[in-house]
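What follows is the content of input_29.cif (mmCIF, C-alpha atoms).
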```
data_structure
#
loop_
_atom_site.group_PDB
_atom_site.id
_atom_site.type_symbol
_atom_site.label_atom_id
_atom_site.label_comp_id
_atom_site.auth_asym_id
_atom_site.auth_seq_id
_atom_site.Cartn_x
_atom_site.Cartn_y
_atom_site.Cartn_z
ATOM 1 C CA MET M 1 31.531 -42.987 9.972
ATOM 2 C CA THR M 2 28.955 -40.433 8.796
ATOM 3 C CA THR M 3 26.715 -41.589 5.975
ATOM 4 C CA ARG M 4 25.825 -38.941 3.430
ATOM 5 C CA THR M 5 22.182 -38.074 2.834
ATOM 6 C CA LEU M 6 20.351 -36.344 0.004
ATOM 7 C CA GLN M 7 20.832 -32.571 0.000
ATOM 8 C CA ARG M 8 18.894 -31.640 -3.145
ATOM 9 C CA ILE M 9 17.772 -32.976 -6.503
ATOM 10 C CA ILE M 10 18.574 -31.273 -9.793
ATOM 11 C CA GLU M 11 15.974 -32.482 -12.276
ATOM 12 C CA SER M 12 17.188 -32.909 -15.849
ATOM 13 C CA THR M 13 15.903 -30.521 -18.493
ATOM 14 C CA PRO M 14 15.787 -31.126 -22.269
ATOM 15 C CA ALA M 15 18.633 -29.440 -24.136
ATOM 16 C CA SER M 16 20.329 -29.486 -27.509
ATOM 17 C CA ASP M 17 24.029 -29.232 -28.284
ATOM 18 C CA GLY M 18 26.426 -29.647 -31.179
ATOM 19 C CA ALA M 19 24.538 -29.531 -34.476
ATOM 20 C CA GLY M 20 21.242 -30.395 -32.787
ATOM 21 C CA VAL M 21 21.883 -33.503 -30.685
ATOM 22 C CA LYS M 22 19.023 -33.925 -28.217
ATOM 23 C CA LEU M 23 19.970 -34.621 -24.615
ATOM 24 C CA LEU M 24 19.089 -34.148 -20.962
ATOM 25 C CA ARG M 25 21.151 -31.770 -18.824
ATOM 26 C CA SER M 26 21.176 -31.935 -15.027
ATOM 27 C CA ILE M 27 24.452 -30.702 -13.520
ATOM 28 C CA GLY M 28 25.409 -27.470 -15.268
ATOM 29 C CA GLN M 29 22.036 -26.284 -16.514
ATOM 30 C CA SER M 30 22.818 -23.102 -14.538
ATOM 31 C CA ALA M 31 25.571 -21.792 -12.269
ATOM 32 C CA TRP M 32 23.412 -22.859 -9.298
ATOM 33 C CA ALA M 33 23.428 -26.420 -10.632
ATOM 34 C CA ARG M 34 27.177 -26.987 -10.563
ATOM 35 C CA VAL M 35 28.759 -29.405 -8.052
ATOM 36 C CA ASP M 36 32.407 -28.303 -7.799
ATOM 37 C CA PRO M 37 34.553 -29.683 -9.460
ATOM 38 C CA PHE M 38 31.819 -31.005 -11.780
ATOM 39 C CA LEU M 39 30.629 -28.408 -14.260
ATOM 40 C CA MET M 40 28.096 -30.282 -16.367
ATOM 41 C CA LEU M 41 26.485 -33.673 -16.964
ATOM 42 C CA ASP M 42 24.723 -34.343 -20.261
ATOM 43 C CA HIS M 43 22.806 -37.585 -20.817
ATOM 44 C CA PHE M 44 21.922 -38.640 -24.353
ATOM 45 C CA SER M 45 19.639 -41.611 -24.920
ATOM 46 C CA THR M 46 17.590 -42.288 -28.038
ATOM 47 C CA ASP M 47 16.726 -44.895 -30.651
ATOM 48 C CA ASN M 48 15.844 -42.155 -33.165
ATOM 49 C CA ALA M 49 18.804 -41.323 -35.398
ATOM 50 C CA ASP M 50 17.333 -37.872 -36.096
ATOM 51 C CA ASP M 51 18.161 -37.005 -32.473
ATOM 52 C CA TYR M 52 21.903 -37.615 -32.880
ATOM 53 C CA ILE M 53 22.875 -37.949 -36.543
ATOM 54 C CA ALA M 54 24.158 -34.338 -36.892
ATOM 55 C CA GLY M 55 26.676 -34.982 -34.113
ATOM 56 C CA PHE M 56 29.143 -32.467 -32.712
ATOM 57 C CA PRO M 57 31.120 -30.825 -35.559
ATOM 58 C CA ALA M 58 34.484 -29.172 -34.864
ATOM 59 C CA HIS M 59 34.359 -26.953 -31.768
ATOM 60 C CA PRO M 60 36.869 -25.616 -29.197
ATOM 61 C CA HIS M 61 37.437 -26.193 -25.480
ATOM 62 C CA ARG M 62 39.739 -24.588 -22.914
ATOM 63 C CA GLY M 63 40.218 -24.903 -19.161
ATOM 64 C CA PHE M 64 38.592 -28.218 -18.159
ATOM 65 C CA GLU M 65 38.252 -31.946 -18.840
ATOM 66 C CA THR M 66 35.550 -33.782 -20.749
ATOM 67 C CA VAL M 67 34.652 -37.394 -19.965
ATOM 68 C CA THR M 68 32.515 -39.205 -22.509
ATOM 69 C CA TYR M 69 31.076 -42.557 -21.388
ATOM 70 C CA MET M 70 29.329 -44.446 -24.167
ATOM 71 C CA LEU M 71 26.760 -47.023 -23.079
ATOM 72 C CA ASP M 72 25.473 -47.870 -26.573
ATOM 73 C CA GLY M 73 26.465 -46.694 -30.026
ATOM 74 C CA HIS M 74 29.575 -45.574 -31.883
ATOM 75 C CA MET M 75 31.103 -42.088 -32.101
ATOM 76 C CA ARG M 76 34.394 -40.988 -33.642
ATOM 77 C CA HIS M 77 36.580 -38.245 -32.166
ATOM 78 C CA GLU M 78 38.911 -36.197 -34.373
ATOM 79 C CA ASP M 79 41.009 -33.207 -33.312
ATOM 80 C CA HIS M 80 43.243 -30.477 -34.688
ATOM 81 C CA LEU M 81 46.341 -32.618 -34.075
ATOM 82 C CA GLY M 82 45.088 -35.323 -36.405
ATOM 83 C CA HIS M 83 44.223 -37.776 -33.638
ATOM 84 C CA THR M 84 41.210 -40.015 -34.203
ATOM 85 C CA GLY M 85 39.567 -42.301 -31.681
ATOM 86 C CA ASP M 86 36.566 -44.605 -31.802
ATOM 87 C CA LEU M 87 34.246 -44.568 -28.826
ATOM 88 C CA LYS M 88 32.021 -47.657 -28.693
ATOM 89 C CA GLY M 89 29.570 -49.178 -26.230
ATOM 90 C CA GLY M 90 31.105 -49.487 -22.765
ATOM 91 C CA GLY M 91 34.107 -47.296 -23.586
ATOM 92 C CA VAL M 92 35.271 -43.954 -22.188
ATOM 93 C CA GLN M 93 37.244 -41.027 -23.512
ATOM 94 C CA TRP M 94 38.923 -38.859 -20.883
ATOM 95 C CA MET M 95 40.071 -35.639 -22.546
ATOM 96 C CA THR M 96 41.972 -32.775 -20.939
ATOM 97 C CA ALA M 97 41.345 -29.644 -22.984
ATOM 98 C CA GLY M 98 43.936 -27.647 -21.059
ATOM 99 C CA ARG M 99 45.123 -24.617 -23.053
ATOM 100 C CA GLY M 100 42.976 -25.583 -25.993
ATOM 101 C CA ILE M 101 41.713 -28.256 -28.322
ATOM 102 C CA ILE M 102 39.488 -28.151 -31.383
ATOM 103 C CA HIS M 103 37.722 -31.428 -31.987
ATOM 104 C CA SER M 104 34.635 -33.102 -33.370
ATOM 105 C CA GLU M 105 32.553 -36.051 -32.190
ATOM 106 C CA MET M 106 30.493 -37.571 -34.971
ATOM 107 C CA PRO M 107 28.222 -40.653 -34.991
ATOM 108 C CA GLN M 108 29.410 -43.663 -36.953
ATOM 109 C CA GLN M 109 25.932 -45.121 -37.323
ATOM 110 C CA GLU M 110 22.792 -44.081 -39.174
ATOM 111 C CA ALA M 111 20.360 -46.146 -37.132
ATOM 112 C CA GLY M 112 20.117 -47.804 -33.741
ATOM 113 C CA ARG M 113 20.508 -46.741 -30.162
ATOM 114 C CA MET M 114 22.864 -44.008 -29.016
ATOM 115 C CA ARG M 115 23.190 -43.696 -25.255
ATOM 116 C CA GLY M 116 25.748 -42.288 -22.874
ATOM 117 C CA PHE M 117 27.037 -39.307 -20.904
ATOM 118 C CA GLN M 118 29.377 -36.383 -21.206
ATOM 119 C CA LEU M 119 30.753 -35.014 -17.970
ATOM 120 C CA TRP M 120 32.754 -31.794 -17.643
ATOM 121 C CA ILE M 121 35.284 -31.611 -14.779
ATOM 122 C CA ASN M 122 36.951 -28.315 -13.949
ATOM 123 C CA LEU M 123 40.717 -27.863 -13.873
ATOM 124 C CA PRO M 124 42.510 -25.799 -11.214
ATOM 125 C CA ALA M 125 43.901 -22.428 -12.293
ATOM 126 C CA LYS M 126 47.449 -23.798 -12.360
ATOM 127 C CA GLU M 127 46.478 -26.483 -14.912
ATOM 128 C CA LYS M 128 44.077 -24.620 -17.189
ATOM 129 C CA MET M 129 46.787 -23.729 -19.709
ATOM 130 C CA LYS M 130 48.647 -27.034 -19.798
ATOM 131 C CA PRO M 131 48.875 -28.984 -23.081
ATOM 132 C CA ALA M 132 45.815 -30.910 -24.194
ATOM 133 C CA GLY M 133 45.729 -34.700 -23.833
ATOM 134 C CA TYR M 134 43.359 -37.622 -23.709
ATOM 135 C CA ARG M 135 42.909 -41.321 -23.149
ATOM 136 C CA ASP M 136 40.660 -43.564 -25.207
ATOM 137 C CA ILE M 137 39.663 -46.383 -22.859
ATOM 138 C CA GLN M 138 38.041 -49.481 -24.339
ATOM 139 C CA ALA M 139 35.288 -51.386 -22.539
ATOM 140 C CA ASP M 140 37.559 -54.329 -21.724
ATOM 141 C CA GLU M 141 39.975 -52.007 -19.885
ATOM 142 C CA ILE M 142 37.315 -51.000 -17.344
ATOM 143 C CA PRO M 143 36.834 -53.499 -14.486
ATOM 144 C CA VAL M 144 33.356 -54.682 -13.537
ATOM 145 C CA VAL M 145 33.022 -56.095 -10.017
ATOM 146 C CA ALA M 146 30.169 -58.345 -8.849
ATOM 147 C CA LEU M 147 29.214 -57.816 -5.188
ATOM 148 C CA PRO M 148 26.771 -59.620 -2.848
ATOM 149 C CA GLY M 149 23.081 -59.120 -3.512
ATOM 150 C CA GLY M 150 23.480 -58.903 -7.269
ATOM 151 C CA VAL M 151 25.195 -55.480 -7.152
ATOM 152 C CA ARG M 152 27.573 -54.774 -10.033
ATOM 153 C CA VAL M 153 30.032 -51.874 -10.126
ATOM 154 C CA LYS M 154 31.903 -50.623 -13.182
ATOM 155 C CA VAL M 155 35.001 -48.743 -12.001
ATOM 156 C CA ILE M 156 35.839 -45.923 -14.428
ATOM 157 C CA ALA M 157 37.865 -43.626 -12.155
ATOM 158 C CA GLY M 158 39.163 -43.968 -8.627
ATOM 159 C CA THR M 159 39.330 -47.241 -6.708
ATOM 160 C CA LEU M 160 36.567 -49.542 -5.525
ATOM 161 C CA ASP M 161 37.304 -50.686 -1.958
ATOM 162 C CA VAL M 162 34.790 -53.203 -0.589
ATOM 163 C CA GLY M 163 35.427 -55.839 2.063
ATOM 164 C CA GLY M 164 39.166 -55.252 1.985
ATOM 165 C CA ALA M 165 39.400 -55.927 -1.755
ATOM 166 C CA THR M 166 40.473 -53.012 -3.926
ATOM 167 C CA THR M 167 39.855 -52.597 -7.648
ATOM 168 C CA PRO M 168 41.440 -49.562 -9.312
ATOM 169 C CA GLY M 169 39.838 -48.023 -12.366
ATOM 170 C CA PRO M 170 41.894 -46.952 -15.393
ATOM 171 C CA ILE M 171 41.792 -43.255 -14.429
ATOM 172 C CA GLN M 172 44.038 -42.352 -11.491
ATOM 173 C CA GLY M 173 46.131 -39.357 -10.451
ATOM 174 C CA VAL M 174 43.804 -36.572 -11.608
ATOM 175 C CA THR M 175 44.089 -33.407 -9.489
ATOM 176 C CA THR M 176 40.414 -33.488 -8.503
ATOM 177 C CA ASP M 177 40.780 -37.178 -7.493
ATOM 178 C CA PRO M 178 37.482 -38.195 -9.127
ATOM 179 C CA LEU M 179 35.496 -41.289 -8.265
ATOM 180 C CA TYR M 180 33.336 -42.421 -11.200
ATOM 181 C CA PHE M 181 31.323 -45.628 -10.730
ATOM 182 C CA ASP M 182 28.488 -47.136 -12.773
ATOM 183 C CA VAL M 183 26.464 -49.031 -10.138
ATOM 184 C CA GLU M 184 23.709 -51.566 -10.899
ATOM 185 C CA LEU M 185 21.378 -52.270 -7.946
ATOM 186 C CA PRO M 186 18.631 -54.910 -7.874
ATOM 187 C CA THR M 187 15.497 -54.031 -5.929
ATOM 188 C CA GLY M 188 16.366 -53.561 -2.247
ATOM 189 C CA ALA M 189 20.081 -54.295 -2.739
ATOM 190 C CA THR M 190 22.487 -51.920 -0.980
ATOM 191 C CA PHE M 191 25.895 -50.583 -1.970
ATOM 192 C CA THR M 192 28.061 -48.743 0.562
ATOM 193 C CA HIS M 193 31.359 -47.067 -0.217
ATOM 194 C CA ALA M 194 33.713 -44.578 1.419
ATOM 195 C CA ILE M 195 33.980 -41.029 0.057
ATOM 196 C CA PRO M 196 36.490 -38.695 1.709
ATOM 197 C CA SER M 197 34.938 -36.039 3.915
ATOM 198 C CA GLY M 198 34.952 -32.685 2.155
ATOM 199 C CA TYR M 199 34.620 -34.173 -1.320
ATOM 200 C CA HIS M 200 31.508 -33.220 -3.287
ATOM 201 C CA ALA M 201 29.359 -36.045 -4.632
ATOM 202 C CA PHE M 202 26.168 -36.770 -6.545
ATOM 203 C CA VAL M 203 24.285 -39.710 -8.028
ATOM 204 C CA TYR M 204 22.379 -39.867 -11.311
ATOM 205 C CA PRO M 205 19.961 -42.793 -11.869
ATOM 206 C CA PHE M 206 19.559 -43.486 -15.590
ATOM 207 C CA GLU M 207 17.558 -46.680 -15.149
ATOM 208 C CA GLY M 208 15.025 -47.115 -12.344
ATOM 209 C CA SER M 209 15.572 -45.280 -9.074
ATOM 210 C CA VAL M 210 17.824 -45.293 -6.033
ATOM 211 C CA ASP M 211 17.314 -44.562 -2.336
ATOM 212 C CA VAL M 212 20.093 -42.487 -0.774
ATOM 213 C CA GLY M 213 21.161 -42.625 2.870
ATOM 214 C CA PRO M 214 20.893 -44.968 5.863
ATOM 215 C CA ALA M 215 17.650 -46.855 6.514
ATOM 216 C CA ASN M 216 16.295 -44.191 8.883
ATOM 217 C CA ALA M 217 16.931 -41.300 6.495
ATOM 218 C CA ARG M 218 16.511 -42.654 2.984
ATOM 219 C CA ARG M 219 15.247 -40.420 0.206
ATOM 220 C CA ARG M 220 14.552 -41.517 -3.354
ATOM 221 C CA VAL M 221 16.119 -40.139 -6.490
ATOM 222 C CA LYS M 222 14.107 -41.037 -9.582
ATOM 223 C CA THR M 223 15.317 -41.571 -13.138
ATOM 224 C CA HIS M 224 17.076 -38.555 -14.699
ATOM 225 C CA GLY M 225 17.467 -36.614 -11.457
ATOM 226 C CA ALA M 226 20.890 -35.675 -10.115
ATOM 227 C CA GLY M 227 20.897 -36.253 -6.361
ATOM 228 C CA VAL M 228 23.475 -34.006 -4.686
ATOM 229 C CA LEU M 229 24.764 -35.488 -1.418
ATOM 230 C CA THR M 230 25.577 -33.900 1.915
ATOM 231 C CA ASP M 231 29.077 -34.172 3.336
ATOM 232 C CA GLY M 232 30.107 -37.329 5.146
ATOM 233 C CA ASP M 233 32.530 -40.247 5.118
ATOM 234 C CA ASN M 234 30.576 -42.696 2.999
ATOM 235 C CA VAL M 235 27.565 -43.181 0.749
ATOM 236 C CA GLU M 236 24.832 -45.803 0.993
ATOM 237 C CA LEU M 237 22.675 -46.528 -2.067
ATOM 238 C CA THR M 238 19.709 -48.921 -2.217
ATOM 239 C CA GLY M 239 17.921 -50.071 -5.334
ATOM 240 C CA GLY M 240 14.391 -48.676 -5.696
ATOM 241 C CA PRO M 241 11.186 -50.668 -6.299
ATOM 242 C CA GLU M 242 12.192 -51.542 -9.879
ATOM 243 C CA GLY M 243 15.910 -51.637 -9.150
ATOM 244 C CA GLY M 244 18.262 -48.960 -10.376
ATOM 245 C CA ARG M 245 21.372 -48.241 -12.368
ATOM 246 C CA VAL M 246 23.199 -45.064 -11.410
ATOM 247 C CA ILE M 247 26.421 -43.227 -11.953
ATOM 248 C CA LEU M 248 28.105 -42.156 -8.731
ATOM 249 C CA LEU M 249 30.464 -39.169 -8.999
ATOM 250 C CA ALA M 250 32.667 -37.685 -6.286
ATOM 251 C CA GLY M 251 35.680 -35.396 -6.364
ATOM 252 C CA ARG M 252 37.850 -32.919 -4.506
ATOM 253 C CA PRO M 253 36.367 -29.426 -4.928
ATOM 254 C CA LEU M 254 38.649 -26.714 -6.299
ATOM 255 C CA LEU M 255 36.970 -23.819 -4.453
ATOM 256 C CA GLU M 256 38.081 -21.377 -7.145
ATOM 257 C CA PRO M 257 36.122 -18.722 -9.067
ATOM 258 C CA ILE M 258 34.401 -20.033 -12.194
ATOM 259 C CA VAL M 259 33.804 -17.869 -15.239
ATOM 260 C CA GLN M 260 32.301 -19.752 -18.169
ATOM 261 C CA TYR M 261 31.567 -18.672 -21.712
ATOM 262 C CA GLY M 262 30.289 -21.641 -23.710
ATOM 263 C CA PRO M 263 33.200 -24.051 -24.230
ATOM 264 C CA PHE M 264 35.685 -21.939 -22.253
ATOM 265 C CA VAL M 265 35.924 -22.255 -18.454
ATOM 266 C CA MET M 266 38.421 -20.008 -16.689
ATOM 267 C CA ASN M 267 38.791 -18.092 -13.411
ATOM 268 C CA THR M 268 38.359 -14.499 -14.585
ATOM 269 C CA ARG M 269 36.495 -12.528 -17.245
ATOM 270 C CA GLU M 270 39.839 -11.357 -18.639
ATOM 271 C CA GLU M 271 40.937 -14.966 -19.183
ATOM 272 C CA ILE M 272 37.693 -15.694 -21.005
ATOM 273 C CA GLU M 273 38.158 -12.664 -23.242
ATOM 274 C CA GLN M 274 41.694 -13.866 -23.989
ATOM 275 C CA ALA M 275 40.374 -17.332 -24.868
ATOM 276 C CA VAL M 276 37.906 -15.809 -27.340
ATOM 277 C CA ARG M 277 40.646 -13.662 -28.904
ATOM 278 C CA ASP M 278 42.961 -16.676 -29.135
ATOM 279 C CA TYR M 279 40.266 -18.744 -30.836
ATOM 280 C CA GLN M 280 39.389 -15.998 -33.291
ATOM 281 C CA ALA M 281 43.064 -15.515 -34.120
ATOM 282 C CA GLY M 282 43.716 -19.228 -34.526
ATOM 283 C CA LYS M 283 45.948 -19.301 -31.439
ATOM 284 C CA LEU M 284 43.770 -21.249 -28.992
ATOM 285 C CA THR M 285 45.870 -24.383 -29.240
ATOM 286 C CA GLN M 286 49.310 -22.782 -29.493
ATOM 287 C CA GLU M 287 51.735 -23.367 -26.651
ATOM 288 C CA VAL M 288 52.975 -20.379 -24.684
ATOM 289 C CA ALA M 289 56.574 -19.518 -25.603
#
```
For this file, write the structure as structure tokens.
Amino acid sequence: MTTRTLQRIIESTPASDGAGVKLLRSIGQSAWARVDPFLMLDHFSTDNADDYIAGFPAHPHRGFETVTYMLDGHMRHEDHLGHTGDLKGGGVQWMTAGRGIIHSEMPQQEAGRMRGFQLWINLPAKEKMKPAGYRDIQADEIPVVALPGGVRVKVIAGTLDVGGATTPGPIQGVTTDPLYFDVELPTGATFTHAIPSGYHAFVYPFEGSVDVGPANARRRVKTHGAGVLTDGDNVELTGGPEGGRVILLAGRPLLEPIVQYGPFVMNTREEIEQAVRDYQAGKLTQEVA
């Protein structure tokens, strides 16, 4: 087994999206900062309602998936099909934009903490124009596994396999075969897990810090840095001096051209231009005859 080490760190930068929601962006702040198939990771975390109250009014997407993981707070999703979904603390929405969706995500609170992530995962060319769909996953549908040393793992996507015991998360069967864990590590505690060779992976500590790699090659990733991993068969994470809580992401890379224009992610410039024309003509969400 080859244990992955730290390849590079993408430090988060302040950004604003929607109608002025303040956030930190690591993966996706530039084309250089993508980790195929992951296009973007936004982290929002504030106790100041002014930072989130304007929310994300109606906007389009085409060609990828969005994964919203809410740690604290309450947002409501509405889309052009009339679907509504409440996203509360501990819950996840896994949305496939496919050919097109127009939706909004608006806060359902005027005070208090709002904290969570939005991850964008690319779709292969053959799936970019499929019908839109989504799953609203409540907190009690996501397994949390306690491991030796005080380690706790929340299994959002993929399957946790430790000591011969397997725990599948609610998201399975996605083309990019994503692994999405929320891992809590006390100081000095270690978590080791297999990741298929050839898959791309990164970690993002949002509380404390984490040391990546075997004991003789550990490197620290501090809060709000995305640590991109080298290739290998497994990953070894150790809680930093104050402990750490991290999201661990891994997936099968698509190795396809990426052309992005705001909320549209396709393979060619011509496809992007078509997406813009479709949106302007009110045809973004229409099925192909």
Please provide the set of residues having any atom within 10 Å of Tyr69 in chain M, restricted to all atoms listed in the file, with same-chain residues fewer than 6 positions apart removed, written as a ChimeraX atom specification. /M:43,87-94,115-119,137,139,156
For a quick check of understanding, using all atoms listed in the file, which of M:Ile121, M:Val174, M:Leu284, M:Leu6 has the smallest distance to Val235 in chain M? M:Leu6
Could you spell out the hits of the PyMOL selection byres ((chain M and resi 223) around 10) on the shown file, as a ChimeraX atom specification? /M:11-12,204-210,220-222,224-226,244-246
Could you write those residues out with C-alpha atoms, as a PDB file, in the coordinates of the input?
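again_38.pdb was written with the following content:
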```pdb
ATOM      1  CA  GLU M  11      15.974 -32.482 -12.276  1.00  0.00           C
ATOM      2  CA  SER M  12      17.188 -32.909 -15.849  1.00  0.00           C
ATOM      3  CA  TYR M 204      22.379 -39.867 -11.311  1.00  0.00           C
ATOM      4  CA  PRO M 205      19.961 -42.793 -11.869  1.00  0.00           C
ATOM      5  CA  PHE M 206      19.559 -43.486 -15.590  1.00  0.00           C
ATOM      6  CA  GLU M 207      17.558 -46.680 -15.149  1.00  0.00           C
ATOM      7  CA  GLY M 208      15.025 -47.115 -12.344  1.00  0.00           C
ATOM      8  CA  SER M 209      15.572 -45.280  -9.074  1.00  0.00           C
ATOM      9  CA  VAL M 210      17.824 -45.293  -6.033  1.00  0.00           C
ATOM     10  CA  ARG M 220      14.552 -41.517  -3.354  1.00  0.00           C
ATOM     11  CA  VAL M 221      16.119 -40.139  -6.490  1.00  0.00           C
ATOM     12  CA  LYS M 222      14.107 -41.037  -9.582  1.00  0.00           C
ATOM     13  CA  HIS M 224      17.076 -38.555 -14.699  1.00  0.00           C
ATOM     14  CA  GLY M 225      17.467 -36.614 -11.457  1.00  0.00           C
ATOM     15  CA  ALA M 226      20.890 -35.675 -10.115  1.00  0.00           C
ATOM     16  CA  GLY M 244      18.262 -48.960 -10.376  1.00  0.00           C
ATOM     17  CA  ARG M 245      21.372 -48.241 -12.368  1.00  0.00           C
ATOM     18  CA  VAL M 246      23.199 -45.064 -11.410  1.00  0.00           C
TER      19      VAL M 246
END
```
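Rounded to one decimal, CA of Gly63 in chain M and CA of Gln138 in chain M lie 25.2 Å from each other.
Proximity ranking of M:Asp17, M:Asp51, M:Glu287, M:Asp177 relative to Asn122 in chain M places M:Asp177 first, based on all atoms listed in the file.
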Since fewer atoms than expected are present, regenerate N, CA, C and O atoms for range 185-203 of chain M and write them as an mmCIF file, keeping the file's coordinate frame.
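Result file rebuild.cif:
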```cif
data_model
loop_
_atom_site.group_PDB
_atom_site.id
_atom_site.type_symbol
_atom_site.label_atom_id
_atom_site.label_comp_id
_atom_site.auth_asym_id
_atom_site.auth_seq_id
_atom_site.Cartn_x
_atom_site.Cartn_y
_atom_site.Cartn_z
ATOM 1 N N LEU M 185 21.956 -51.844 -9.226
ATOM 2 C CA LEU M 185 21.378 -52.270 -7.946
ATOM 3 C C LEU M 185 20.046 -52.969 -8.160
ATOM 4 O O LEU M 185 19.070 -52.335 -8.590
ATOM 5 N N PRO M 186 19.942 -54.264 -7.870
ATOM 6 C CA PRO M 186 18.631 -54.910 -7.874
ATOM 7 C C PRO M 186 17.725 -54.292 -6.808
ATOM 8 O O PRO M 186 18.193 -53.601 -5.890
ATOM 9 N N THR M 187 16.460 -54.544 -6.900
ATOM 10 C CA THR M 187 15.497 -54.031 -5.929
ATOM 11 C C THR M 187 15.913 -54.381 -4.499
ATOM 12 O O THR M 187 16.152 -55.542 -4.170
ATOM 13 N N GLY M 188 16.038 -53.358 -3.658
ATOM 14 C CA GLY M 188 16.366 -53.561 -2.247
ATOM 15 C C GLY M 188 17.815 -53.845 -1.946
ATOM 16 O O GLY M 188 18.204 -53.885 -0.766
ATOM 17 N N ALA M 189 18.653 -54.030 -2.974
ATOM 18 C CA ALA M 189 20.081 -54.295 -2.739
ATOM 19 C C ALA M 189 20.788 -52.991 -2.364
ATOM 20 O O ALA M 189 20.440 -51.921 -2.848
ATOM 21 N N THR M 190 21.795 -53.099 -1.491
ATOM 22 C CA THR M 190 22.487 -51.920 -0.980
ATOM 23 C C THR M 190 23.962 -51.949 -1.336
ATOM 24 O O THR M 190 24.610 -53.000 -1.291
ATOM 25 N N PHE M 191 24.478 -50.770 -1.678
ATOM 26 C CA PHE M 191 25.895 -50.583 -1.970
ATOM 27 C C PHE M 191 26.404 -49.457 -1.080
ATOM 28 O O PHE M 191 25.845 -48.359 -1.056
ATOM 29 N N THR M 192 27.464 -49.737 -0.330
ATOM 30 C CA THR M 192 28.061 -48.743 0.562
ATOM 31 C C THR M 192 29.528 -48.566 0.197
ATOM 32 O O THR M 192 30.235 -49.555 -0.046
ATOM 33 N N HIS M 193 29.970 -47.314 0.145
ATOM 34 C CA HIS M 193 31.359 -47.067 -0.217
ATOM 35 C C HIS M 193 31.849 -45.783 0.438
ATOM 36 O O HIS M 193 31.093 -44.823 0.605
ATOM 37 N N ALA M 194 33.114 -45.763 0.813
ATOM 38 C CA ALA M 194 33.713 -44.578 1.419
ATOM 39 C C ALA M 194 33.898 -43.471 0.390
ATOM 40 O O ALA M 194 34.235 -43.727 -0.775
ATOM 41 N N ILE M 195 33.659 -42.237 0.822
ATOM 42 C CA ILE M 195 33.980 -41.029 0.057
ATOM 43 C C ILE M 195 34.630 -40.067 1.043
ATOM 44 O O ILE M 195 34.064 -39.795 2.098
ATOM 45 N N PRO M 196 35.810 -39.561 0.740
ATOM 46 C CA PRO M 196 36.490 -38.695 1.709
ATOM 47 C C PRO M 196 35.634 -37.503 2.135
ATOM 48 O O PRO M 196 34.967 -36.880 1.300
ATOM 49 N N SER M 197 35.640 -37.208 3.402
ATOM 50 C CA SER M 197 34.938 -36.039 3.915
ATOM 51 C C SER M 197 35.467 -34.790 3.223
ATOM 52 O O SER M 197 36.675 -34.650 3.012
ATOM 53 N N GLY M 198 34.571 -33.902 2.850
ATOM 54 C CA GLY M 198 34.952 -32.685 2.155
ATOM 55 C C GLY M 198 34.845 -32.785 0.650
ATOM 56 O O GLY M 198 34.774 -31.753 -0.032
ATOM 57 N N TYR M 199 34.825 -34.000 0.117
ATOM 58 C CA TYR M 199 34.620 -34.173 -1.320
ATOM 59 C C TYR M 199 33.146 -33.931 -1.644
ATOM 60 O O TYR M 199 32.269 -34.250 -0.850
ATOM 61 N N HIS M 200 32.879 -33.386 -2.826
ATOM 62 C CA HIS M 200 31.508 -33.220 -3.287
ATOM 63 C C HIS M 200 31.093 -34.453 -4.079
ATOM 64 O O HIS M 200 31.920 -35.069 -4.766
ATOM 65 N N ALA M 201 29.816 -34.815 -3.989
ATOM 66 C CA ALA M 201 29.359 -36.045 -4.632
ATOM 67 C C ALA M 201 27.909 -35.918 -5.067
ATOM 68 O O ALA M 201 27.114 -35.185 -4.467
ATOM 69 N N PHE M 202 27.564 -36.671 -6.123
ATOM 70 C CA PHE M 202 26.168 -36.770 -6.545
ATOM 71 C C PHE M 202 25.936 -38.106 -7.231
ATOM 72 O O PHE M 202 26.888 -38.790 -7.642
ATOM 73 N N VAL M 203 24.671 -38.493 -7.325
ATOM 74 C CA VAL M 203 24.285 -39.710 -8.028
ATOM 75 C C VAL M 203 23.287 -39.336 -9.125
ATOM 76 O O VAL M 203 22.532 -38.378 -8.981
#
```
